[in-house]
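Student: One structure coming up, written as structure tokens, with questions to follow.
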Amino acid sequence: MELDALLDREDIPAAAVAVEDAERLRALLMRLPLAQREVITLAFYAGLTHSEISDLLRLPAGTVKGRMRLGLKKLREQLGQGAVTP
Amino acid sequence: MSAWEGPGHETWEDAAGAYVLGALPDPERAGFEAHLETCSSCRAEVDELRMAAEALPTAAPAMRPPVALKARIMAEVEREAALLAAAGPQADRTREAPRRRRLGWRWRGAPLGAVAALACVALLAGLGIGALVFKDGGGQTVPFQRSGLPGNAVAELDVSGDKAVLVARGLPAPGSGRTYQVWLKHPGEAPQPTAALFTPRRDGSATATVTGKLRTGDQVMVTAEPDGGSPMPTSNPILAAKLT
């Protein structure tokens, strides 16, 4: 419960993120392994579902989802506001 | 950590990333949301990953609407597939090679997965997305007139330079053993076949790349033809667009 309460206050890093300039975020994105970056960008910027991406890249759905999760996790860590470590 | 896992947690272990990216298909999203109610471990992860996902628009604020983007990515993948096919063993004879042959490969080709992956690598190399996706216009977009299509069918032609991309939604399947073919008609001439043959994806969306000099007054049309395409149209156009 304590952790949940902490997470609820996580709008502070979110606000910090909002003023990050695009350059820095792009650099962070570029630091992700390509395998993770491509599934994240295909999902987020192109609006593809994980099953469409798995069709497109001929990868098992579990792999696509796993890469999304790992990539976002890494991105979150790199955002450097790391109040939360699971 | 103090979080506990809800029932069936193993099933949902990888879903949080896809969920915050909006990449879970509808029924799965509902299932995961139900699981979230009972699983504090997944809730914590969703909250954490969401922060990363929320940062993504900052990286590319000039985002186009997803439908157009999606279509463009599919178009680019298909274009890359054709390019790579051309760069095969006979690469130096590409120009003379019959275009229909290459196209057949492209639409039926087993290696498309690898090709698509490569295309995505190329596509995403710049930012993870690429110039194509955020190309700054310069071209012209022409809506297609429809004929005999369901009311939700829409199509437009993005013309830039000597290339045009047809982007459609809500297209019915052309029927078994049939394909859609794109034609180019110069004023006062018979329609010329193009190498652009396509069938809509399951969701009715479709993209096709038309190469060739397009001038004011030219018409681009789409008809349903037997598989492999025809030298002359054998049915009435379902879509037609005139360049102005």
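Convention: chains lettered A, B, ... in structure tokens order; per-chain residue numbering from 1; ligands numbered from 1 as shown.
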List every residue of region 157-202 of chain B that DSSP, applied to the backbone, labels as strand (DSSP E), and write the result as a ChimeraX atom specification.
Tutor: /B:157-160,163-169,178-185,192-198
Student: Which residues are close to Lys73 (chain A), i.e. within 8 Å by only C-alpha atoms, leaving aside same-chain residues fewer than 5 positions away? Reply as a list of chain:residue names.
Tutor: B:Glu48, B:Leu49, B:Ala52
Student: Write out, as an mmCIF file, in the first residue's frame, the residues just selected, with N, CA and C atoms.
Tutor:
```
data_model
loop_
_atom_site.group_PDB
_atom_site.id
_atom_site.type_symbol
_atom_site.label_atom_id
_atom_site.label_comp_id
_atom_site.auth_asym_id
_atom_site.auth_seq_id
_atom_site.Cartn_x
_atom_site.Cartn_y
_atom_site.Cartn_z
ATOM 1 N N GLU B 48 4.497 2.416 -13.651
ATOM 2 C CA GLU B 48 5.888 2.735 -13.934
ATOM 3 C C GLU B 48 6.128 2.888 -15.440
ATOM 4 N N LEU B 49 5.641 1.911 -16.197
ATOM 5 C CA LEU B 49 5.885 1.944 -17.637
ATOM 6 C C LEU B 49 5.151 3.098 -18.309
ATOM 7 N N ALA B 52 7.179 6.109 -18.944
ATOM 8 C CA ALA B 52 8.019 6.059 -20.143
ATOM 9 C C ALA B 52 7.160 6.332 -21.378
#
```
Student: Using only C-alpha atoms, determine which residues lie at most 12 Å from Met232 (chain B), disregarding the query and same-chain residues fewer than 6 positions distant; provide the list as a PDB file with N, CA and C atoms, in the first residue's frame.
Tutor:
```pdb
ATOM      1  N   GLN B 181      -6.058  -3.807 -59.124  1.00  0.00           N
ATOM      2  CA  GLN B 181      -4.966  -3.318 -59.955  1.00  0.00           C
ATOM      3  C   GLN B 181      -5.130  -1.808 -60.163  1.00  0.00           C
ATOM      4  N   VAL B 182      -4.005  -1.116 -60.127  1.00  0.00           N
ATOM      5  CA  VAL B 182      -4.014   0.334 -60.311  1.00  0.00           C
ATOM      6  C   VAL B 182      -3.671   0.656 -61.771  1.00  0.00           C
ATOM      7  N   TRP B 183      -4.411   1.576 -62.338  1.00  0.00           N
ATOM      8  CA  TRP B 183      -4.214   1.993 -63.729  1.00  0.00           C
ATOM      9  C   TRP B 183      -3.907   3.478 -63.773  1.00  0.00           C
ATOM     10  N   LEU B 184      -3.154   3.822 -64.789  1.00  0.00           N
ATOM     11  CA  LEU B 184      -2.808   5.217 -65.000  1.00  0.00           C
ATOM     12  C   LEU B 184      -3.378   5.629 -66.349  1.00  0.00           C
ATOM     13  N   LYS B 185      -4.143   6.724 -66.359  1.00  0.00           N
ATOM     14  CA  LYS B 185      -4.756   7.126 -67.617  1.00  0.00           C
ATOM     15  C   LYS B 185      -4.379   8.568 -67.931  1.00  0.00           C
ATOM     16  N   ALA B 190      -5.843   5.309 -73.656  1.00  0.00           N
ATOM     17  CA  ALA B 190      -6.387   4.156 -72.939  1.00  0.00           C
ATOM     18  C   ALA B 190      -5.644   4.008 -71.605  1.00  0.00           C
ATOM     19  N   PRO B 191      -6.315   3.458 -70.603  1.00  0.00           N
ATOM     20  CA  PRO B 191      -5.633   3.250 -69.314  1.00  0.00           C
ATOM     21  C   PRO B 191      -4.426   2.320 -69.477  1.00  0.00           C
ATOM     22  N   GLN B 192      -3.335   2.705 -68.825  1.00  0.00           N
ATOM     23  CA  GLN B 192      -2.152   1.835 -68.848  1.00  0.00           C
ATOM     24  C   GLN B 192      -2.088   1.048 -67.554  1.00  0.00           C
ATOM     25  N   PRO B 193      -1.755  -0.253 -67.663  1.00  0.00           N
ATOM     26  CA  PRO B 193      -1.611  -1.023 -66.429  1.00  0.00           C
ATOM     27  C   PRO B 193      -0.382  -0.539 -65.649  1.00  0.00           C
ATOM     28  N   THR B 194      -0.463  -0.542 -64.339  1.00  0.00           N
ATOM     29  CA  THR B 194       0.736  -0.295 -63.539  1.00  0.00           C
ATOM     30  C   THR B 194       1.089  -1.599 -62.818  1.00  0.00           C
ATOM     31  N   VAL B 222      -8.623   2.266 -60.052  1.00  0.00           N
ATOM     32  CA  VAL B 222      -8.439   0.924 -59.483  1.00  0.00           C
ATOM     33  C   VAL B 222      -9.578   0.038 -59.962  1.00  0.00           C
ATOM     34  N   THR B 223      -9.223  -1.134 -60.459  1.00  0.00           N
ATOM     35  CA  THR B 223     -10.249  -2.111 -60.840  1.00  0.00           C
ATOM     36  C   THR B 223      -9.917  -3.447 -60.180  1.00  0.00           C
ATOM     37  N   ALA B 224     -10.933  -4.325 -60.101  1.00  0.00           N
ATOM     38  CA  ALA B 224     -10.695  -5.698 -59.642  1.00  0.00           C
ATOM     39  C   ALA B 224     -10.352  -6.534 -60.869  1.00  0.00           C
ATOM     40  N   GLU B 225      -9.264  -7.279 -60.797  1.00  0.00           N
ATOM     41  CA  GLU B 225      -8.800  -8.080 -61.931  1.00  0.00           C
ATOM     42  C   GLU B 225      -8.455  -9.492 -61.465  1.00  0.00           C
ATOM     43  N   PRO B 226      -8.372 -10.420 -62.417  1.00  0.00           N
ATOM     44  CA  PRO B 226      -7.908 -11.764 -62.020  1.00  0.00           C
ATOM     45  C   PRO B 226      -6.489 -11.679 -61.444  1.00  0.00           C
TER      46      PRO B 226
END
```
Student: Could you work out how far CA of Arg37 (chain A) lies from CA of Arg67 (chain A), giving the answer in Å with one decimal?
Tutor: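 Between CA of Arg67 (chain A) and CA of Arg37 (chain A) the gap works out to 8.4 Å.
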Student: Could you jot down the CA of Pro174 (chain B) to CA of Ser147 (chain B) separation for me, Å, one decimal place?
Tutor: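 A separation of 13.8 Å between them.
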Student: Would you work out the distance separating CA of Pro200 (chain B) from CA of Gly228 (chain B), expressed in Å to one decimal?
Tutor: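 CA of Gly228 (chain B) lies at a distance of 15.2 Å from CA of Pro200 (chain B).
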Student: Counting only C-alpha atoms, which residues in region 185-210 of chain B sit no more than 12 Å from region 48-53 of chain A? For each one, give the nearest pair of atoms and the distance in Å, sorted by chain then residue number, as a tab-separated table.
Tutor:
```
residue	atom	partner	partner_atom	distance
B:Arg201	CA	A:Glu52	CA	10.8
B:Arg202	CA	A:Glu52	CA	10.7
B:Asp203	CA	A:Glu52	CA	10.9
```
Student: Based on the selection just made, write N, CA and C atoms of those residues as a tab-separated table (two decimals), in the first residue's frame.
Tutor:
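Now in again-v9.tsv:
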```tsv
chain	number	residue	atom	x	y	z
B	201	ARG	N	-5.79	-5.53	-46.53
B	201	ARG	CA	-5.53	-6.32	-45.33
B	201	ARG	C	-6.85	-6.70	-44.68
B	202	ARG	N	-6.75	-7.56	-43.66
B	202	ARG	CA	-7.98	-8.07	-43.03
B	202	ARG	C	-8.91	-6.95	-42.56
B	203	ASP	N	-8.33	-5.85	-42.13
B	203	ASP	CA	-9.17	-4.76	-41.61
B	203	ASP	C	-9.68	-3.83	-42.71
```
